[in-house]
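*Asks:* Hey, dropping entry-v6.pdb in here, PDB, C-alpha atoms:
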```
ATOM      1  CA  MET A   1     -33.550  14.768  32.419
ATOM      2  CA  SER A   2     -35.976  16.587  30.278
ATOM      3  CA  ASP A   3     -36.552  15.960  26.605
ATOM      4  CA  ASP A   4     -35.368  19.492  25.792
ATOM      5  CA  SER A   5     -31.881  18.945  27.240
ATOM      6  CA  ILE A   6     -31.513  15.637  25.380
ATOM      7  CA  GLU A   7     -32.530  17.297  22.114
ATOM      8  CA  ILE A   8     -30.123  20.175  22.716
ATOM      9  CA  LYS A   9     -27.256  17.747  23.353
ATOM     10  CA  ARG A  10     -28.225  15.717  20.297
ATOM     11  CA  ASP A  11     -28.321  18.855  18.143
ATOM     12  CA  LYS A  12     -24.904  19.899  19.464
ATOM     13  CA  ILE A  13     -23.429  16.501  18.619
ATOM     14  CA  ILE A  14     -24.943  16.552  15.120
ATOM     15  CA  ALA A  15     -23.660  20.094  14.534
ATOM     16  CA  LEU A  16     -20.199  19.049  15.717
ATOM     17  CA  LEU A  17     -20.182  16.051  13.395
ATOM     18  CA  LYS A  18     -21.375  18.140  10.452
ATOM     19  CA  ASN A  19     -18.626  20.688  11.036
ATOM     20  CA  ARG A  20     -16.034  17.948  11.246
ATOM     21  CA  SER A  21     -17.414  15.717   8.482
ATOM     22  CA  THR A  22     -14.280  16.098   6.361
ATOM     23  CA  TYR A  23     -12.163  14.754   9.217
ATOM     24  CA  ILE A  24     -14.557  11.873   9.769
ATOM     25  CA  TYR A  25     -14.421  10.917   6.090
ATOM     26  CA  LEU A  26     -10.645  11.179   6.173
ATOM     27  CA  ILE A  27     -10.430   8.938   9.247
ATOM     28  CA  ILE A  28     -12.710   6.356   7.622
ATOM     29  CA  LEU A  29     -10.666   6.509   4.399
ATOM     30  CA  LEU A  30      -7.428   6.020   6.333
ATOM     31  CA  ALA A  31      -8.967   3.098   8.235
ATOM     32  CA  ILE A  32     -10.009   1.431   4.970
ATOM     33  CA  ILE A  33      -6.567   1.977   3.454
ATOM     34  CA  TRP A  34      -4.789   0.780   6.594
ATOM     35  CA  TYR A  35      -6.872  -2.408   6.808
ATOM     36  CA  ALA A  36      -6.596  -3.155   3.080
ATOM     37  CA  SER A  37      -2.839  -2.542   3.168
ATOM     38  CA  SER A  38      -2.377  -4.848   6.135
ATOM     39  CA  VAL A  39      -4.256  -7.580   4.262
ATOM     40  CA  ARG A  40      -2.006  -7.026   1.258
ATOM     41  CA  MET A  41       1.092  -7.233   3.463
ATOM     42  CA  SER A  42       0.008 -10.432   5.218
ATOM     43  CA  ASN A  43       1.957 -12.664   2.831
ATOM     44  CA  GLU A  44       5.257 -10.824   3.320
ATOM     45  CA  PRO A  45       6.983 -13.603   5.341
ATOM     46  CA  LEU A  46       6.217 -16.074   2.559
ATOM     47  CA  LEU A  47       8.060 -13.977  -0.022
ATOM     48  CA  LYS A  48      11.489 -14.240   1.569
ATOM     49  CA  ASP A  49      13.894 -16.625  -0.137
ATOM     50  CA  ILE A  50      15.821 -18.541   2.499
ATOM     51  CA  THR A  51      18.786 -19.189   0.205
ATOM     52  CA  THR A  52      19.500 -15.562  -0.656
ATOM     53  CA  ASN A  53      17.754 -13.952   2.330
ATOM     54  CA  ASP A  54      16.081 -11.547  -0.088
ATOM     55  CA  TYR A  55      12.576 -11.172  -1.397
ATOM     56  CA  ILE A  56      11.312 -12.928  -4.497
ATOM     57  CA  THR A  57       8.416 -11.971  -6.696
ATOM     58  CA  ALA A  58       5.330 -14.158  -6.762
ATOM     59  CA  ASP A  59       4.625 -13.342 -10.400
ATOM     60  CA  PRO A  60       6.918 -14.638 -13.161
ATOM     61  CA  ASP A  61       6.199 -11.641 -15.400
ATOM     62  CA  ALA A  62       7.107  -9.213 -12.631
ATOM     63  CA  SER A  63      10.557 -10.794 -12.331
ATOM     64  CA  LEU A  64      11.469  -8.948 -15.545
ATOM     65  CA  TYR A  65      10.755  -5.618 -13.844
ATOM     66  CA  LEU A  66      12.798  -6.716 -10.846
ATOM     67  CA  ARG A  67      15.747  -7.641 -13.078
ATOM     68  CA  TYR A  68      15.482  -4.357 -14.974
ATOM     69  CA  SER A  69      15.257  -2.388 -11.718
ATOM     70  CA  GLN A  70      18.358  -4.073 -10.374
ATOM     71  CA  GLU A  71      20.253  -3.193 -13.577
ATOM     72  CA  ILE A  72      19.101   0.428 -13.332
ATOM     73  CA  VAL A  73      20.259   0.692  -9.722
ATOM     74  CA  GLU A  74      23.598  -1.024 -10.421
ATOM     75  CA  LYS A  75      24.474   0.584 -13.774
ATOM     76  CA  GLY A  76      22.381   3.754 -13.832
ATOM     77  CA  SER A  77      20.304   2.784 -16.877
ATOM     78  CA  LEU A  78      19.078  -0.150 -18.901
ATOM     79  CA  PRO A  79      21.360  -1.676 -21.519
ATOM     80  CA  GLU A  80      20.397  -1.017 -25.113
ATOM     81  CA  ILE A  81      19.710  -4.694 -25.809
ATOM     82  CA  ASP A  82      18.407  -7.289 -23.379
ATOM     83  CA  TYR A  83      20.050 -10.526 -24.497
ATOM     84  CA  MET A  84      18.044 -12.591 -22.038
ATOM     85  CA  ARG A  85      14.974 -12.117 -24.239
ATOM     86  CA  TYR A  86      14.569 -13.326 -27.827
ATOM     87  CA  TYR A  87      17.817 -15.265 -27.893
ATOM     88  CA  PRO A  88      20.214 -14.846 -29.742
ATOM     89  CA  ARG A  89      19.208 -11.473 -31.218
ATOM     90  CA  GLY A  90      17.963  -9.958 -27.970
ATOM     91  CA  LEU A  91      15.292  -7.337 -27.480
ATOM     92  CA  PRO A  92      16.024  -3.618 -27.659
ATOM     93  CA  THR A  93      14.985  -2.259 -24.277
ATOM     94  CA  LYS A  94      13.447   0.846 -25.842
ATOM     95  CA  GLU A  95      10.768  -1.497 -27.225
ATOM     96  CA  THR A  96       9.787  -2.434 -23.689
ATOM     97  CA  ASN A  97       8.032  -0.260 -21.142
ATOM     98  CA  PRO A  98      10.874   0.981 -18.914
ATOM     99  CA  ILE A  99       8.784   3.362 -16.770
ATOM    100  CA  ILE A 100       7.978   0.731 -14.145
ATOM    101  CA  PRO A 101      11.602  -0.414 -13.574
ATOM    102  CA  TYR A 102      12.697   3.214 -13.352
ATOM    103  CA  THR A 103       9.878   3.896 -10.867
ATOM    104  CA  ILE A 104      10.967   0.947  -8.743
ATOM    105  CA  ALA A 105      14.568   2.166  -8.888
ATOM    106  CA  ILE A 106      13.434   5.625  -7.743
ATOM    107  CA  ILE A 107      11.431   4.065  -4.902
ATOM    108  CA  TYR A 108      14.519   2.090  -3.891
ATOM    109  CA  ASN A 109      16.732   5.191  -3.994
ATOM    110  CA  ILE A 110      14.279   7.177  -1.853
ATOM    111  CA  PHE A 111      13.674   4.480   0.755
ATOM    112  CA  SER A 112      17.320   3.380   0.945
ATOM    113  CA  VAL A 113      18.198   6.855   2.216
ATOM    114  CA  PHE A 114      16.094   6.166   5.320
ATOM    115  CA  ASN A 115      17.011   2.500   5.733
ATOM    116  CA  SER A 116      20.217   1.075   4.282
ATOM    117  CA  ASP A 117      18.971  -2.523   4.704
ATOM    118  CA  ILE A 118      16.374  -2.108   1.952
ATOM    119  CA  THR A 119      17.169  -3.984  -1.247
ATOM    120  CA  VAL A 120      15.882  -3.468  -4.759
ATOM    121  CA  ALA A 121      13.913  -6.689  -4.398
ATOM    122  CA  TYR A 122      12.241  -5.381  -1.238
ATOM    123  CA  ALA A 123      11.369  -2.126  -3.000
ATOM    124  CA  ASP A 124       9.904  -4.076  -5.923
ATOM    125  CA  VAL A 125       8.134  -6.854  -4.074
ATOM    126  CA  ILE A 126       6.880  -5.061  -0.963
ATOM    127  CA  ILE A 127       6.976  -1.266  -1.205
ATOM    128  CA  TYR A 128       5.999  -0.670  -4.856
ATOM    129  CA  PRO A 129       2.634  -2.521  -4.937
ATOM    130  CA  ILE A 130       1.498  -1.259  -1.547
ATOM    131  CA  LEU A 131       2.576   2.329  -2.235
ATOM    132  CA  PHE A 132       0.763   2.490  -5.556
ATOM    133  CA  PHE A 133      -2.282   0.764  -4.063
ATOM    134  CA  ILE A 134      -2.467   3.499  -1.419
ATOM    135  CA  LEU A 135      -1.961   6.238  -4.013
ATOM    136  CA  GLY A 136      -4.623   4.617  -6.195
ATOM    137  CA  CYS A 137      -7.118   4.546  -3.315
ATOM    138  CA  ILE A 138      -6.495   8.210  -2.575
ATOM    139  CA  THR A 139      -6.921   9.248  -6.204
ATOM    140  CA  LEU A 140     -10.062   7.113  -6.554
ATOM    141  CA  TYR A 141     -11.501   8.757  -3.452
ATOM    142  CA  LEU A 142     -10.725  12.241  -4.761
ATOM    143  CA  LEU A 143     -12.163  11.449  -8.193
ATOM    144  CA  VAL A 144     -15.393   9.897  -6.959
ATOM    145  CA  SER A 145     -15.907  12.556  -4.276
ATOM    146  CA  LYS A 146     -15.764  15.214  -7.010
ATOM    147  CA  LEU A 147     -18.057  13.264  -9.332
ATOM    148  CA  PHE A 148     -20.599  12.172  -6.699
ATOM    149  CA  ASN A 149     -20.083  12.701  -2.979
ATOM    150  CA  LYS A 150     -17.834  11.563  -0.143
ATOM    151  CA  LYS A 151     -20.059   8.686   0.952
ATOM    152  CA  VAL A 152     -20.024   7.181  -2.524
ATOM    153  CA  ALA A 153     -16.258   7.761  -2.659
ATOM    154  CA  LEU A 154     -15.717   5.837   0.583
ATOM    155  CA  LEU A 155     -17.921   3.017  -0.655
ATOM    156  CA  SER A 156     -15.994   2.919  -3.946
ATOM    157  CA  VAL A 157     -12.640   2.712  -2.204
ATOM    158  CA  PHE A 158     -13.937   0.004   0.131
ATOM    159  CA  ILE A 159     -15.362  -2.103  -2.700
ATOM    160  CA  LEU A 160     -12.185  -1.753  -4.745
ATOM    161  CA  SER A 161      -9.999  -2.647  -1.779
ATOM    162  CA  ILE A 162     -11.832  -5.945  -1.142
ATOM    163  CA  MET A 163     -12.344  -6.937  -4.788
ATOM    164  CA  PRO A 164     -10.562 -10.302  -5.258
ATOM    165  CA  ALA A 165      -9.172  -9.551  -8.734
ATOM    166  CA  TYR A 166      -7.748  -6.236  -7.583
ATOM    167  CA  LEU A 167      -6.529  -7.763  -4.334
ATOM    168  CA  PHE A 168      -4.333 -10.238  -6.179
ATOM    169  CA  ARG A 169      -2.815  -7.632  -8.486
ATOM    170  CA  THR A 170      -1.993  -5.249  -5.614
ATOM    171  CA  MET A 171      -0.765  -7.840  -3.126
ATOM    172  CA  ALA A 172       2.783  -7.653  -1.846
ATOM    173  CA  GLY A 173       4.831  -9.907  -4.074
ATOM    174  CA  VAL A 174       3.234  -8.816  -7.339
ATOM    175  CA  GLY A 175       5.266  -5.896  -8.633
ATOM    176  CA  ASP A 176       3.621  -5.863 -12.038
ATOM    177  CA  LYS A 177       2.125  -3.094 -14.148
ATOM    178  CA  GLU A 178      -1.536  -3.338 -13.057
ATOM    179  CA  VAL A 179      -1.185  -1.450  -9.772
ATOM    180  CA  PHE A 180       0.781   1.267 -11.563
ATOM    181  CA  ALA A 181      -1.769   1.507 -14.362
ATOM    182  CA  MET A 182      -4.743   1.659 -11.990
ATOM    183  CA  PHE A 183      -3.187   4.594 -10.169
ATOM    184  CA  PHE A 184      -2.829   6.514 -13.411
ATOM    185  CA  PHE A 185      -6.228   5.319 -14.599
ATOM    186  CA  PHE A 186      -7.882   7.054 -11.653
TER     187      PHE A 186
END
```
Represent the structure contained in this file as structure tokens.
*Replies:*
Amino acid sequence: MSDDSIEIKRDKIIALLKNRSTYIYLIILLAIIWYASSVRMSNEPLLKDITTNDYITADPDASLYLRYSQEIVEKGSLPEIDYMRYYPRGLPTKETNPIIPYTIAIIYNIFSVFNSDITVAYADVIIYPILFFILGCITLYLLVSKLFNKKVALLSVFILSIMPAYLFRTMAGVGDKEVFAMFFFF
């Protein structure tokens, strides 16, 4: 083979990759998100309570959101006063942040249409953190790609997805407010 034919083939491959660079970046982004999500889902079998055969939250603070979400799904809304907090007076629920329990209830209502075996606890413990982690990665990628370029955006998403502090707060089992806030932060 001559050097000219090798250079022509190389130039064709480079031109093809340049024309399809958006697809390549998208494939790399999806690979990062898929891998990071599978790491975050790796503790799913440990979150199942053998006594109730339902999922439990790994974070004590997030159990409040689970309880509120269950009340929203069962009764349609939160009660005016939560008597399980600040006994005996209770806490007016409008003083709390009800957007996360309502979001979890909406996630449950959407996913339960497709699978009737899904519980509110599963929506809170498993679906909610992973879903908002994925949405957060996508919005971070879009933000950084507009501010800098796509390579920096991919690097940013990769670094965020392996950061230990962020890993813990977006892991399945932690249905707290951080993953929700990071999505809206981006």
*Asks:* Sorted by chain and rising residue number, which residues of range 100-158 of chain A lie within 9 Å of range 164-185 of chain A, and what are their closest atom pairs and distances in Å to one decimal, counting all atoms listed in the file, as CSV?
*Replies:*
```
residue,atom,partner,partner_atom,distance
A:Ile100,CA,A:Lys177,CA,7.0
A:Ile104,CA,A:Gly175,CA,8.9
A:Asp124,CA,A:Gly175,CA,5.7
A:Val125,CA,A:Gly173,CA,4.5
A:Ile126,CA,A:Ala172,CA,4.9
A:Ile127,CA,A:Ala172,CA,7.7
A:Tyr128,CA,A:Gly175,CA,6.5
A:Pro129,CA,A:Thr170,CA,5.4
A:Ile130,CA,A:Ala172,CA,6.5
A:Phe132,CA,A:Val179,CA,6.1
A:Phe133,CA,A:Thr170,CA,6.2
A:Ile134,CA,A:Phe183,CA,8.8
A:Leu135,CA,A:Phe183,CA,6.5
A:Gly136,CA,A:Phe183,CA,4.2
A:Cys137,CA,A:Phe183,CA,7.9
A:Thr139,CA,A:Phe183,CA,7.2
A:Leu140,CA,A:Phe183,CA,8.2
```
*Asks:* One number please: CA of Ile138 in chain A to CA of Met41 in chain A, in Å, one decimal.
*Replies:*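 Calculated distance between CA of Ile138 in chain A and CA of Met41 in chain A is 18.2 Å.
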*Asks:* Find the residue from A:Ile107, A:Ile14, A:Leu46, A:Ile27 that sits nearest to Thr119 in chain A; use all atoms listed in the file when measuring.
*Replies:*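 Closest candidate: A:Ile107.
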*Asks:* Under the PyMOL selection byres ((chain A and resi 75-84) around 12), which residues of this model are included? Write them out as a count of residues only.
*Replies:* 30
*Asks:* Would you pick out the contacts of Leu143 in chain A at 8 Å or less, using all atoms listed in the file, so that residues sharing its chain but fewer than 4 positions from it are not included, and give the list as a ChimeraX atom specification?
*Replies:* /A:139,147,153,186
*Asks:* Give me the residues within 8 Å of Ala36 in chain A as a PyMOL selection string, counting all atoms listed in the file and dropping any in the same chain fewer than 3 places off.
*Replies:* chain A and resi 32-33+39-40+161-162
*Asks:* What box, with edges along x, y and z, holds each listed atom of range 137-147 of chain A when 8 Å is added on every side, and can you state its centre and edge lengths in Å to one decimal, as JSON?
*Replies:*
```
{"center_x": -12.3, "center_y": 9.9, "center_z": -6.0, "size_x": 27.6, "size_y": 26.7, "size_z": 22.8}
```
